[in-house]
$ cat target_5.cif   # mmCIF, C-alpha atoms (C1' of nucleotides)
data_query
#
loop_
_atom_site.label_atom_id
_atom_site.label_comp_id
_atom_site.auth_asym_id
_atom_site.auth_seq_id
_atom_site.Cartn_x
_atom_site.Cartn_y
_atom_site.Cartn_z
CA MET A 18 -4.45 -31.79 -8.08
CA SER A 19 -2.00 -34.34 -6.67
CA THR A 20 1.21 -32.62 -5.64
CA THR A 21 0.02 -29.16 -6.60
CA HIS A 22 2.18 -27.60 -4.01
CA PHE A 23 5.48 -28.73 -5.41
CA ASN A 24 5.18 -28.12 -9.09
CA THR A 25 6.69 -25.16 -10.84
CA LYS A 26 3.52 -23.14 -11.17
CA GLU A 27 2.62 -23.35 -7.50
CA ARG A 28 6.15 -22.60 -6.41
CA ILE A 29 6.14 -19.44 -8.51
CA LEU A 30 2.80 -18.37 -7.05
CA GLY A 31 4.03 -18.95 -3.51
CA ALA A 32 7.27 -17.10 -3.98
CA ALA A 33 5.53 -14.22 -5.73
CA GLU A 34 3.01 -13.94 -2.92
CA GLU A 35 5.70 -13.64 -0.28
CA LEU A 36 7.73 -11.13 -2.24
CA PHE A 37 4.73 -9.02 -3.20
CA ALA A 38 3.81 -8.85 0.48
CA GLN A 39 7.26 -7.66 1.36
CA HIS A 40 8.20 -5.36 -1.48
CA GLY A 41 5.01 -4.61 -3.37
CA PHE A 42 4.25 -5.41 -6.98
CA ALA A 43 6.42 -2.89 -8.72
CA GLY A 44 9.10 -3.45 -6.11
CA THR A 45 9.40 -7.15 -6.89
CA SER A 46 11.25 -8.35 -9.97
CA LEU A 47 10.51 -11.56 -11.76
CA ARG A 48 14.12 -12.51 -11.22
CA GLN A 49 13.61 -12.36 -7.45
CA VAL A 50 10.51 -14.49 -7.83
CA THR A 51 12.09 -17.21 -9.92
CA SER A 52 15.18 -17.19 -7.78
CA ARG A 53 13.19 -17.78 -4.59
CA ALA A 54 10.98 -20.36 -6.26
CA ASP A 55 14.13 -22.03 -7.52
CA VAL A 56 12.85 -22.21 -11.07
CA ASN A 57 14.22 -20.83 -14.27
CA ILE A 58 13.60 -17.23 -15.21
CA ALA A 59 11.81 -18.25 -18.37
CA ALA A 60 9.25 -20.33 -16.47
CA VAL A 61 7.19 -17.37 -15.33
CA ASN A 62 6.52 -16.24 -18.86
CA TYR A 63 5.80 -19.77 -19.95
CA HIS A 64 3.22 -20.34 -17.23
CA PHE A 65 1.76 -16.88 -16.79
CA GLY A 66 2.53 -14.91 -19.92
CA SER A 67 3.38 -11.68 -18.17
CA LYS A 68 4.07 -10.14 -14.80
CA GLU A 69 0.66 -8.48 -14.67
CA ASN A 70 -1.07 -11.79 -15.20
CA LEU A 71 1.05 -13.37 -12.49
CA VAL A 72 -0.19 -10.70 -10.08
CA ASN A 73 -3.79 -11.48 -10.96
CA GLU A 74 -3.27 -15.20 -10.50
CA VAL A 75 -1.72 -14.65 -7.08
CA PHE A 76 -4.98 -12.99 -6.12
CA ARG A 77 -7.30 -15.42 -7.77
CA ARG A 78 -5.79 -18.38 -5.98
CA ARG A 79 -6.78 -17.08 -2.54
CA MET A 80 -9.67 -14.72 -3.27
CA ASP A 81 -11.91 -17.32 -4.85
CA GLU A 82 -11.77 -19.47 -1.77
CA MET A 83 -11.97 -16.54 0.62
CA SER A 84 -14.99 -15.02 -1.10
CA GLU A 85 -16.89 -18.27 -1.19
CA ARG A 86 -16.13 -18.85 2.46
CA ARG A 87 -17.36 -15.37 3.34
CA LEU A 88 -20.58 -15.82 1.42
CA ALA A 89 -21.17 -19.26 2.88
CA LEU A 90 -20.73 -17.99 6.42
CA LEU A 91 -22.98 -15.04 5.64
CA ARG A 92 -25.69 -17.31 4.28
CA LYS A 93 -25.45 -19.47 7.38
CA ALA A 94 -25.58 -16.45 9.69
CA ARG A 95 -28.69 -15.08 7.99
CA GLU A 96 -30.44 -18.42 8.27
CA GLU A 97 -29.48 -19.36 11.80
CA LYS A 98 -29.25 -15.94 13.42
CA PRO A 99 -31.22 -13.50 11.29
CA GLY A 100 -30.46 -9.89 12.11
CA ASP A 101 -27.45 -10.77 14.28
CA LEU A 102 -24.90 -8.08 13.45
CA GLU A 103 -22.02 -9.81 15.20
CA ALA A 104 -22.59 -12.97 13.17
CA ILE A 105 -22.54 -10.97 9.93
CA LEU A 106 -19.29 -9.27 10.91
CA ALA A 107 -17.78 -12.60 11.89
CA ALA A 108 -18.59 -13.93 8.42
CA PHE A 109 -16.76 -10.98 6.92
CA ILE A 110 -13.75 -10.97 9.20
CA GLU A 111 -12.94 -14.59 9.89
CA PRO A 112 -12.03 -15.87 6.42
CA PRO A 113 -9.21 -13.36 5.85
CA LEU A 114 -7.92 -13.76 9.38
CA ALA A 115 -8.04 -17.53 9.00
CA LEU A 116 -5.70 -17.14 6.06
CA THR A 117 -3.03 -15.81 8.38
CA LEU A 118 -3.08 -19.18 10.10
CA ASP A 119 -2.89 -21.12 6.90
CA ARG A 120 0.07 -23.43 6.72
CA HIS A 121 0.93 -22.56 3.17
CA GLY A 122 1.74 -18.90 2.93
CA GLY A 123 -1.74 -17.55 3.39
CA SER A 124 -0.27 -15.26 5.98
CA ALA A 125 1.63 -13.43 3.28
CA PHE A 126 -1.50 -12.99 1.22
CA VAL A 127 -3.30 -10.81 3.73
CA ARG A 128 -0.47 -8.35 3.42
CA VAL A 129 -0.66 -8.60 -0.35
CA LEU A 130 -4.32 -7.69 -0.02
CA ALA A 131 -3.41 -4.59 1.94
CA ARG A 132 -1.02 -3.69 -0.84
CA ALA A 133 -3.79 -3.98 -3.35
CA TYR A 134 -5.83 -1.34 -1.58
CA ALA A 135 -2.96 1.07 -2.02
CA GLU A 136 -2.71 0.43 -5.73
CA LYS A 137 -4.61 3.23 -7.34
CA ASN A 138 -4.75 2.68 -11.08
CA ASP A 139 -3.66 -0.36 -12.95
CA GLY A 140 -5.63 -3.36 -13.94
CA LEU A 141 -5.50 -4.77 -10.44
CA ARG A 142 -8.22 -2.67 -8.84
CA LYS A 143 -10.51 -3.30 -11.78
CA PHE A 144 -9.75 -6.99 -11.61
CA LEU A 145 -10.67 -7.10 -7.92
CA SER A 146 -13.73 -4.94 -8.26
CA ASP A 147 -15.01 -6.88 -11.25
CA ASN A 148 -14.48 -10.29 -9.72
CA TYR A 149 -15.15 -9.78 -6.03
CA GLY A 150 -17.18 -6.58 -5.70
CA HIS A 151 -20.42 -8.51 -5.37
CA VAL A 152 -19.24 -9.96 -2.06
CA LEU A 153 -19.02 -6.54 -0.44
CA ARG A 154 -22.42 -5.60 -1.81
CA GLU A 155 -23.92 -8.75 -0.32
CA PHE A 156 -22.62 -7.81 3.11
CA ALA A 157 -23.94 -4.27 2.72
CA LYS A 158 -27.38 -5.71 2.08
CA ALA A 159 -27.21 -7.96 5.14
CA ILE A 160 -26.09 -5.17 7.46
CA HIS A 161 -28.78 -2.91 6.08
CA GLN A 162 -31.37 -5.47 7.13
CA ALA A 163 -29.80 -5.92 10.54
CA LEU A 164 -29.72 -2.14 11.13
CA PRO A 165 -32.73 -0.80 9.26
CA GLY A 166 -32.50 2.53 11.06
CA LEU A 167 -29.07 3.28 9.63
CA GLY A 168 -29.12 5.48 6.51
CA LYS A 169 -27.48 4.33 3.29
CA GLU A 170 -24.78 6.96 3.43
CA ASP A 171 -23.75 6.23 7.00
CA LEU A 172 -23.89 2.53 6.25
CA TYR A 173 -21.39 2.87 3.42
CA TRP A 174 -19.08 5.09 5.41
CA ARG A 175 -19.05 2.64 8.26
CA LEU A 176 -18.53 -0.33 6.01
CA ASP A 177 -15.49 1.41 4.59
CA PHE A 178 -14.20 2.10 8.07
CA THR A 179 -14.67 -1.54 8.99
CA ALA A 180 -12.84 -2.72 5.90
CA GLY A 181 -10.03 -0.29 6.67
CA ALA A 182 -9.72 -1.47 10.25
CA LEU A 183 -9.68 -5.07 9.07
CA THR A 184 -7.03 -4.43 6.46
CA TYR A 185 -4.87 -2.60 8.93
CA ALA A 186 -5.24 -5.23 11.61
CA MET A 187 -4.47 -8.06 9.21
CA SER A 188 -1.23 -6.53 8.12
CA ASP A 189 0.40 -6.07 11.49
CA PHE A 190 0.98 -2.41 10.89
CA GLY A 191 0.35 -0.24 13.84
CA LEU A 192 1.03 -0.61 17.54
CA ILE A 193 -0.12 -4.14 18.13
CA LYS A 194 2.55 -6.76 17.81
CA ARG A 195 2.03 -10.35 18.75
CA PRO A 196 3.85 -10.94 22.06
CA SER A 197 6.32 -13.77 21.70
CA GLY A 198 4.55 -15.79 24.38
CA VAL A 199 1.22 -15.83 22.56
CA PRO A 200 0.64 -18.37 19.78
CA GLU A 201 -0.32 -16.97 16.39
CA LYS A 202 -3.70 -18.69 16.54
CA VAL A 203 -4.67 -17.12 19.84
CA HIS A 204 -3.48 -13.72 18.65
CA CYS A 205 -5.67 -13.92 15.56
CA GLU A 206 -8.74 -14.98 17.45
CA LYS A 207 -8.24 -12.08 19.81
CA ALA A 208 -7.93 -9.75 16.86
CA ALA A 209 -11.13 -11.06 15.33
CA GLN A 210 -13.08 -10.73 18.58
CA ALA A 211 -11.74 -7.26 19.25
CA LEU A 212 -12.57 -6.11 15.74
CA ILE A 213 -16.08 -7.56 15.80
CA ARG A 214 -16.85 -5.76 19.05
CA PHE A 215 -15.33 -2.50 17.79
CA ALA A 216 -17.07 -2.56 14.42
CA ALA A 217 -20.42 -3.66 15.82
CA ALA A 218 -20.41 -0.78 18.29
CA GLY A 219 -19.33 1.63 15.57
CA LEU A 220 -22.05 0.46 13.20
CA ARG A 221 -24.67 0.79 15.93
CA ALA A 222 -23.61 4.33 16.87
CA PRO A 223 -26.45 6.87 16.75
CA ALA A 224 -26.55 8.73 13.47
CA MET B 8 10.89 31.47 2.11
CA SER B 9 9.90 33.74 -0.75
CA THR B 10 8.74 31.79 -3.75
CA THR B 11 9.39 28.39 -2.25
CA HIS B 12 6.68 26.85 -4.27
CA PHE B 13 8.15 27.57 -7.63
CA ASN B 14 11.77 26.65 -7.25
CA THR B 15 13.22 23.42 -8.49
CA LYS B 16 13.33 21.64 -5.16
CA GLU B 17 9.65 22.27 -4.36
CA ARG B 18 8.57 21.35 -7.84
CA ILE B 19 10.35 18.03 -7.53
CA LEU B 20 8.73 17.36 -4.16
CA GLY B 21 5.29 18.18 -5.53
CA ALA B 22 5.65 16.03 -8.62
CA ALA B 23 7.07 13.15 -6.59
CA GLU B 24 4.20 13.34 -4.14
CA GLU B 25 1.59 13.07 -6.85
CA LEU B 26 3.33 10.24 -8.64
CA PHE B 27 4.05 8.30 -5.45
CA ALA B 28 0.36 8.52 -4.61
CA GLN B 29 -0.58 7.16 -7.98
CA HIS B 30 2.05 4.52 -8.68
CA GLY B 31 3.80 3.86 -5.39
CA PHE B 32 7.46 4.40 -4.60
CA ALA B 33 9.01 1.55 -6.53
CA GLY B 34 6.51 2.14 -9.32
CA THR B 35 7.62 5.71 -9.88
CA SER B 36 10.83 6.48 -11.72
CA LEU B 37 12.89 9.59 -11.19
CA ARG B 38 12.49 10.31 -14.86
CA GLN B 39 8.73 10.52 -14.45
CA VAL B 40 9.26 12.85 -11.52
CA THR B 41 11.65 15.21 -13.26
CA SER B 42 9.57 15.14 -16.39
CA ARG B 43 6.42 16.20 -14.55
CA ALA B 44 8.30 18.78 -12.50
CA ASP B 45 9.79 20.04 -15.73
CA VAL B 46 13.32 19.99 -14.40
CA ASN B 47 16.40 18.19 -15.56
CA ILE B 48 16.94 14.57 -14.64
CA ALA B 49 20.17 15.41 -12.82
CA ALA B 50 18.45 17.89 -10.51
CA VAL B 51 16.97 15.25 -8.25
CA ASN B 52 20.36 13.85 -7.37
CA TYR B 53 21.79 17.31 -6.94
CA HIS B 54 19.06 18.35 -4.50
CA PHE B 55 18.26 15.08 -2.74
CA GLY B 56 21.22 12.77 -3.28
CA SER B 57 19.15 9.65 -3.93
CA LYS B 58 15.68 8.37 -4.59
CA GLU B 59 15.33 7.00 -1.06
CA ASN B 60 16.12 10.37 0.43
CA LEU B 61 13.63 12.04 -1.87
CA VAL B 62 10.95 9.72 -0.50
CA ASN B 63 11.82 10.69 3.05
CA GLU B 64 11.73 14.39 2.23
CA VAL B 65 8.31 14.05 0.62
CA PHE B 66 7.13 12.76 3.98
CA ARG B 67 8.97 15.21 6.15
CA ARG B 68 7.48 18.20 4.35
CA ARG B 69 3.93 17.30 5.35
CA MET B 70 4.36 15.14 8.42
CA ASP B 71 6.13 17.77 10.49
CA GLU B 72 3.28 20.18 10.08
CA MET B 73 0.60 17.52 10.45
CA SER B 74 2.12 16.10 13.64
CA GLU B 75 2.45 19.52 15.26
CA ARG B 76 -1.10 20.34 14.35
CA ARG B 77 -2.33 17.07 15.83
CA LEU B 78 -0.45 17.63 19.07
CA ALA B 79 -1.59 21.25 19.31
CA LEU B 80 -5.22 20.27 18.87
CA LEU B 81 -4.79 17.47 21.39
CA ARG B 82 -3.29 19.85 23.94
CA LYS B 83 -6.16 22.24 23.41
CA ALA B 84 -8.74 19.46 23.73
CA ARG B 85 -7.25 18.24 26.99
CA GLU B 86 -7.26 21.74 28.44
CA GLU B 87 -10.66 22.89 27.29
CA LYS B 88 -12.59 19.63 27.31
CA PRO B 89 -10.74 17.20 29.57
CA GLY B 90 -11.88 13.63 29.10
CA ASP B 91 -13.88 14.41 25.95
CA LEU B 92 -13.25 11.45 23.69
CA GLU B 93 -14.76 13.04 20.61
CA ALA B 94 -12.47 16.05 20.96
CA ILE B 95 -9.42 13.79 21.19
CA LEU B 96 -10.47 11.90 18.08
CA ALA B 97 -11.11 15.15 16.25
CA ALA B 98 -7.55 16.24 17.04
CA PHE B 99 -6.29 13.01 15.52
CA ILE B 100 -8.49 12.95 12.46
CA GLU B 101 -8.82 16.52 11.33
CA PRO B 102 -5.23 17.40 10.41
CA PRO B 103 -4.85 14.62 7.83
CA LEU B 104 -8.29 15.22 6.41
CA ALA B 105 -7.56 18.94 6.22
CA LEU B 106 -4.63 18.09 3.99
CA THR B 107 -7.02 16.78 1.38
CA LEU B 108 -8.41 20.30 1.11
CA ASP B 109 -5.01 21.89 0.87
CA ARG B 110 -4.50 23.94 -2.24
CA HIS B 111 -1.07 22.58 -2.94
CA GLY B 112 -1.21 18.88 -3.47
CA GLY B 113 -1.86 17.87 0.10
CA SER B 114 -4.62 15.70 -1.24
CA ALA B 115 -2.05 13.49 -2.90
CA PHE B 116 -0.10 13.14 0.30
CA VAL B 117 -2.83 11.35 2.21
CA ARG B 118 -2.71 8.65 -0.39
CA VAL B 119 1.07 8.56 -0.13
CA LEU B 120 0.59 8.00 3.58
CA ALA B 121 -1.64 5.04 2.88
CA ARG B 122 1.10 3.68 0.65
CA ALA B 123 3.53 3.98 3.48
CA TYR B 124 1.49 1.70 5.67
CA ALA B 125 1.77 -0.98 3.04
CA GLU B 126 5.55 -0.71 2.93
CA LYS B 127 6.81 -3.52 5.09
CA ASN B 128 10.55 -3.29 5.39
CA ASP B 129 12.74 -0.59 4.02
CA GLY B 130 13.97 2.51 5.69
CA LEU B 131 10.62 4.23 5.35
CA ARG B 132 8.75 2.53 8.18
CA LYS B 133 11.68 3.06 10.49
CA PHE B 134 11.91 6.69 9.42
CA LEU B 135 8.22 7.23 10.21
CA SER B 136 8.27 5.31 13.47
CA ASP B 137 11.42 7.08 14.66
CA ASN B 138 10.23 10.55 13.77
CA TYR B 139 6.50 10.45 14.39
CA GLY B 140 5.83 7.50 16.67
CA HIS B 141 5.63 9.75 19.73
CA VAL B 142 2.49 11.40 18.33
CA LEU B 143 0.56 8.13 18.36
CA ARG B 144 1.77 7.38 21.88
CA GLU B 145 0.56 10.77 23.06
CA PHE B 146 -2.92 10.03 21.74
CA ALA B 147 -2.89 6.61 23.39
CA LYS B 148 -2.20 8.31 26.71
CA ALA B 149 -5.03 10.80 26.26
CA ILE B 150 -7.56 8.14 25.31
CA HIS B 151 -6.46 6.00 28.23
CA GLN B 152 -7.34 8.87 30.56
CA ALA B 153 -10.67 9.49 28.83
CA LEU B 154 -11.59 5.80 29.06
CA PRO B 155 -9.92 4.55 32.25
CA GLY B 156 -12.01 1.41 32.24
CA LEU B 157 -10.55 0.22 28.94
CA GLY B 158 -7.68 -2.23 29.29
CA LYS B 159 -4.32 -1.52 27.64
CA GLU B 160 -4.62 -4.35 25.18
CA ASP B 161 -8.09 -3.41 23.97
CA LEU B 162 -7.00 0.22 23.81
CA TYR B 163 -4.16 -0.61 21.46
CA TRP B 164 -6.30 -2.82 19.28
CA ARG B 165 -8.92 -0.15 18.93
CA LEU B 166 -6.39 2.54 18.23
CA ASP B 167 -5.05 0.44 15.40
CA PHE B 168 -8.55 -0.08 14.07
CA THR B 169 -9.14 3.66 14.18
CA ALA B 170 -5.93 4.40 12.35
CA GLY B 171 -6.86 1.81 9.73
CA ALA B 172 -10.31 3.26 9.23
CA LEU B 173 -8.81 6.72 8.90
CA THR B 174 -6.22 5.62 6.39
CA TYR B 175 -8.78 3.82 4.33
CA ALA B 176 -11.24 6.71 4.38
CA MET B 177 -8.56 9.23 3.42
CA SER B 178 -7.53 7.33 0.39
CA ASP B 179 -10.86 7.04 -1.33
CA PHE B 180 -10.57 3.31 -1.57
CA GLY B 181 -13.74 1.50 -0.84
CA LEU B 182 -17.36 2.10 -1.63
CA ILE B 183 -17.69 5.78 -0.81
CA LYS B 184 -17.08 8.14 -3.67
CA ARG B 185 -17.73 11.84 -3.49
CA PRO B 186 -20.93 12.56 -5.47
CA SER B 187 -20.24 15.16 -8.14
CA GLY B 188 -22.78 17.54 -6.64
CA VAL B 189 -21.03 17.69 -3.25
CA PRO B 190 -18.03 20.01 -2.82
CA GLU B 191 -14.82 18.40 -1.64
CA LYS B 192 -14.87 20.41 1.57
CA VAL B 193 -18.33 19.23 2.58
CA HIS B 194 -17.44 15.65 1.71
CA CYS B 195 -14.38 15.75 3.96
CA GLU B 196 -16.24 17.23 6.89
CA LYS B 197 -18.84 14.52 6.55
CA ALA B 198 -16.10 11.91 6.53
CA ALA B 199 -14.54 13.37 9.66
CA GLN B 200 -17.84 13.49 11.53
CA ALA B 201 -18.79 9.98 10.47
CA LEU B 202 -15.41 8.61 11.49
CA ILE B 203 -15.43 10.36 14.86
CA ARG B 204 -18.83 8.90 15.69
CA PHE B 205 -17.83 5.45 14.49
CA ALA B 206 -14.51 5.36 16.33
CA ALA B 207 -15.89 6.87 19.52
CA ALA B 208 -18.61 4.22 19.68
CA GLY B 209 -16.08 1.52 18.90
CA LEU B 210 -13.68 2.71 21.60
CA ARG B 211 -16.49 2.83 24.14
CA ALA B 212 -17.73 -0.68 23.37
CA PRO B 213 -17.89 -2.96 26.40
CA ALA B 214 -14.80 -5.10 26.76
"C1'" DG C 12 22.45 25.42 -10.17
"C1'" DT C 13 21.52 23.52 -14.46
"C1'" DC C 14 22.60 21.08 -18.48
"C1'" DT C 15 24.34 16.95 -21.82
"C1'" DA C 16 26.15 12.71 -22.12
"C1'" DT C 17 27.03 8.42 -20.51
"C1'" DA C 18 28.28 4.82 -17.32
"C1'" DA C 19 26.68 0.69 -14.98
"C1'" DT C 20 22.94 -2.04 -13.77
"C1'" DT C 21 18.64 -4.21 -13.90
"C1'" DG C 22 14.23 -4.89 -15.75
"C1'" DG C 23 10.66 -7.90 -18.66
"C1'" DA C 24 10.36 -10.74 -22.38
"C1'" DT C 25 11.65 -14.19 -26.07
"C1'" DA C 26 14.14 -17.43 -29.34
"C1'" DG C 27 15.61 -21.80 -29.89
"C1'" DA C 28 18.01 -26.07 -28.20
"C1'" DC C 29 16.89 -29.99 -25.52
"C1'" DG D 22 8.19 -28.14 -19.67
"C1'" DT D 23 12.62 -26.58 -18.84
"C1'" DC D 24 16.95 -24.64 -19.91
"C1'" DT D 25 20.76 -21.06 -21.82
"C1'" DA D 26 21.61 -17.13 -23.96
"C1'" DT D 27 20.35 -12.86 -25.41
"C1'" DC D 28 17.70 -8.66 -26.83
"C1'" DC D 29 16.25 -4.28 -25.81
"C1'" DA D 30 14.18 -0.84 -23.04
"C1'" DA D 31 14.43 1.62 -18.83
"C1'" DT D 32 16.55 2.50 -14.54
"C1'" DT D 33 19.68 5.15 -10.99
"C1'" DA D 34 23.48 7.69 -10.67
"C1'" DT D 35 27.54 10.49 -11.94
"C1'" DA D 36 31.12 13.16 -14.53
"C1'" DG D 37 32.13 17.33 -16.42
"C1'" DA D 38 30.99 21.50 -19.39
"C1'" DC D 39 28.65 25.83 -18.85
#

$ encode --input "target_5.cif" --output "structure tokens"
Amino acid sequence: MSTTHFNTKERILGAAEELFAQHGFAGTSLRQVTSRADVNIAAVNYHFGSKENLVNEVFRRRMDEMSERRLALLRKAREEKPGDLEAILAAFIEPPLALTLDRHGGSAFVRVLARAYAEKNDGLRKFLSDNYGHVLREFAKAIHQALPGLGKEDLYWRLDFTAGALTYAMSDFGLIKRPSGVPEKVHCEKAAQALIRFAAAGLRAPA
Amino acid sequence: MSTTHFNTKERILGAAEELFAQHGFAGTSLRQVTSRADVNIAAVNYHFGSKENLVNEVFRRRMDEMSERRLALLRKAREEKPGDLEAILAAFIEPPLALTLDRHGGSAFVRVLARAYAEKNDGLRKFLSDNYGHVLREFAKAIHQALPGLGKEDLYWRLDFTAGALTYAMSDFGLIKRPSGVPEKVHCEKAAQALIRFAAAGLRAPA
DNA sequence: GTCTATAATTGGATAGAC
DNA sequence: GTCTATCCAATTATAGAC
């Protein structure tokens, strides 16, 4: 612990996260990373072994926390408001959106996440599916209980649509740009509320 | 015209499209492209001048047709079924999904499109926004007329969510995989119907 | 239009001193 | 743990023969 944020390893992770968000994984060179982190080029291989492993570690650092937060909120929602679809969706949506408000570069990570969805092959998708796939399955189970009338196939389609909408919204693609008068925090809360309403209505649509 | 599909230029475009879908733009080298297209390495610079321009041309080839098809269907929907939200959404969703059924590599292009959304800076986003942004604005207008009660801000949010869901669904990320017993064509039509229902319900949600 | 050959640069990774 | 220096493979791009 202690000054984790200022040692070499953390500086590399932070710089890599920002550059991956901006230029993608293949589009970012280790030289750019070490230059931005203001560390020596050899440090990345010393601490991470390879570029591929650096990519994985960039994910692990945020995903572990985000997944636990999602599952904790889901557990709480199922206890306190059983069958409440909006509460389930909030548990899914809020942790990633909260990252965009994080003081320390979490905002870059949500765009890195969007990148990951576009990566087709490579170890990365397997890494994510292996380590965090159970989270998505847990949410599928909860929504199935909240909407027992919805068939499995439609449920999966609509979950995919929801994940796509979330990814898109998180990455400030698209039409919506934060107006300069509106604070980031307010903008994010609006996004979360809008998405929960949209997805809840979509999930409840007649089959 | 004539044998456009078998000359060098078209072969390069086709090979590039497939590789871009699989490995991204930065992750694909021109040598991979020319190797798969079975043309000489120098041909790509002769025909396209640079890698960046090749990327743009890969987009132009499909986007021109797709955008015209979207606008034509939208025009038809507004004439024949004025105010019919589902018809508007169908006009937006069907052309890209139809590409996945295209005999000649259109299926790769939809994944290339998803890649494009993840590209943050670069000339590509500007190229797409400059050349095809008016299509999205046209759909925004149509939906605004179909749902006059929906405020501008919510409309834009929900349009972004819809575009995200579409992108995600097109790219076979996520949970849904086509079962081996189901033909591609049936799978795509199911996806389109499911998405139209989902998005229509989401757009109609109370503010 | 297509080829060979090569220039000029940049990439990931490592060896070895400190 | 951190540095310099370097290796070696791969990249984009071009020059010039055919």

$ resolve_selection --input "target_5.cif" --expression "the PyMOL selection byres ((chain C and resi 18-28) around 8)" --output "JSON, numbers by chain"
{"A": [46, 47, 62, 68], "C": [17, 29], "D": [31, 32, 35]}

$ atom_distance --input "target_5.cif" --atom1 "CA of Glu136 (chain A)" --atom2 "CA of Arg204 (chain B)"
28.1 Å

$ resolve_selection --input "target_5.cif" --expression "the PyMOL selection byres ((chain B) within 9 of (chain C))" --output "VMD selection string"
chain B and resid 46 to 47 49 to 50 53

$ atom_distance --input "target_5.cif" --atom1 "CA of Ala94 (chain B)" --atom2 "CA of Leu220 (chain A)"
19.9 Å

$ atom_distance --input "target_5.cif" --atom1 "CA of Tyr124 (chain B)" --atom2 "CA of Asp189 (chain A)"
9.8 Å

$ residues_around --input "target_5.cif" --residues "Ala105 (chain B)" --least-positions-apart "2" --cutoff "10 Å" --atoms "only C-alpha atoms (C1' of nucleotides)" --output "number ranges by chain"
B: 73, 100-103, 107-109, 113-114, 117, 192, 195-196, 199

$ closest_atom_pairs --input "target_5.cif" --of "chain A" --to "chain B" --cutoff "6 Å" --atoms "all atoms listed in the file" --output "CSV"
residue,atom,partner,partner_atom,distance
A:Gln39,CA,B:Lys127,CA,5.6
A:Ala43,CA,B:Gly34,CA,5.1
A:Gly44,CA,B:Ala33,CA,5.0
A:Arg132,CA,B:Ala125,CA,5.5
A:Ala135,CA,B:Arg122,CA,5.5
A:Lys137,CA,B:Gln29,CA,5.7
A:Asp177,CA,B:Gly181,CA,5.7
A:Phe178,CA,B:Ala172,CA,4.2
A:Gly181,CA,B:Ala172,CA,4.4
A:Ala182,CA,B:Phe168,CA,4.2
A:Tyr185,CA,B:Gly171,CA,4.9
A:Gly191,CA,B:Asp167,CA,5.7
A:Phe215,CA,B:Gly209,CA,4.2
A:Ala218,CA,B:Gly209,CA,4.9
A:Gly219,CA,B:Phe205,CA,4.2
A:Ala222,CA,B:Ala208,CA,5.7

$ write_last_selection --input "target_5.cif" --atoms "C-alpha atoms" --output "mmCIF file, in the coordinates of the input"
data_model
loop_
_atom_site.group_PDB
_atom_site.id
_atom_site.type_symbol
_atom_site.label_atom_id
_atom_site.label_comp_id
_atom_site.auth_asym_id
_atom_site.auth_seq_id
_atom_site.Cartn_x
_atom_site.Cartn_y
_atom_site.Cartn_z
ATOM 1 C CA GLN A 39 7.260 -7.660 1.360
ATOM 2 C CA ALA A 43 6.420 -2.890 -8.720
ATOM 3 C CA GLY A 44 9.100 -3.450 -6.110
ATOM 4 C CA ARG A 132 -1.020 -3.690 -0.840
ATOM 5 C CA ALA A 135 -2.960 1.070 -2.020
ATOM 6 C CA LYS A 137 -4.610 3.230 -7.340
ATOM 7 C CA ASP A 177 -15.490 1.410 4.590
ATOM 8 C CA PHE A 178 -14.200 2.100 8.070
ATOM 9 C CA GLY A 181 -10.030 -0.290 6.670
ATOM 10 C CA ALA A 182 -9.720 -1.470 10.250
ATOM 11 C CA TYR A 185 -4.870 -2.600 8.930
ATOM 12 C CA GLY A 191 0.350 -0.240 13.840
ATOM 13 C CA PHE A 215 -15.330 -2.500 17.790
ATOM 14 C CA ALA A 218 -20.410 -0.780 18.290
ATOM 15 C CA GLY A 219 -19.330 1.630 15.570
ATOM 16 C CA ALA A 222 -23.610 4.330 16.870
#

$ resolve_selection --input "target_5.cif" --expression "the PyMOL selection byres ((chain D) within 12 of (chain A))" --output "PyMOL selection string"
chain D and resi 22-26

$ axis_aligned_box --input "target_5.cif" --around "region 166-180 of chain A" --padding-each-side "6 Å" --output "lines of an AutoDock Vina configuration file"
center_x = -22.7
center_y = 2.1
center_z = 7.2
size_x = 31.7
size_y = 21.7
size_z = 19.8

$ closest_residue --input "target_5.cif" --among "B:Asp45, B:Glu59, B:Glu17, B:Glu24" --to "Leu131 (chain B)" --atoms "only C-alpha atoms"
B:Glu59

$ decode --input "target_5.cif" --residues "region 49-53 of chain A" --atoms "N, CA and C atoms" --output "mmCIF file, in the first residue's frame"
data_model
loop_
_atom_site.group_PDB
_atom_site.id
_atom_site.type_symbol
_atom_site.label_atom_id
_atom_site.label_comp_id
_atom_site.auth_asym_id
_atom_site.auth_seq_id
_atom_site.Cartn_x
_atom_site.Cartn_y
_atom_site.Cartn_z
ATOM 1 N N GLN A 49 5.738 4.847 -25.803
ATOM 2 C CA GLN A 49 4.799 5.909 -25.420
ATOM 3 C C GLN A 49 4.434 5.789 -23.951
ATOM 4 N N VAL A 50 4.181 4.557 -23.532
ATOM 5 C CA VAL A 50 3.771 4.333 -22.143
ATOM 6 C C VAL A 50 4.854 4.790 -21.176
ATOM 7 N N THR A 51 6.055 4.310 -21.384
ATOM 8 C CA THR A 51 7.120 4.649 -20.429
ATOM 9 C C THR A 51 7.482 6.118 -20.502
ATOM 10 N N SER A 52 7.319 6.695 -21.670
ATOM 11 C CA SER A 52 7.598 8.116 -21.792
ATOM 12 C C SER A 52 6.592 8.931 -20.977
ATOM 13 N N ARG A 53 5.308 8.595 -21.102
ATOM 14 C CA ARG A 53 4.297 9.333 -20.351
ATOM 15 C C ARG A 53 4.422 9.084 -18.850
#
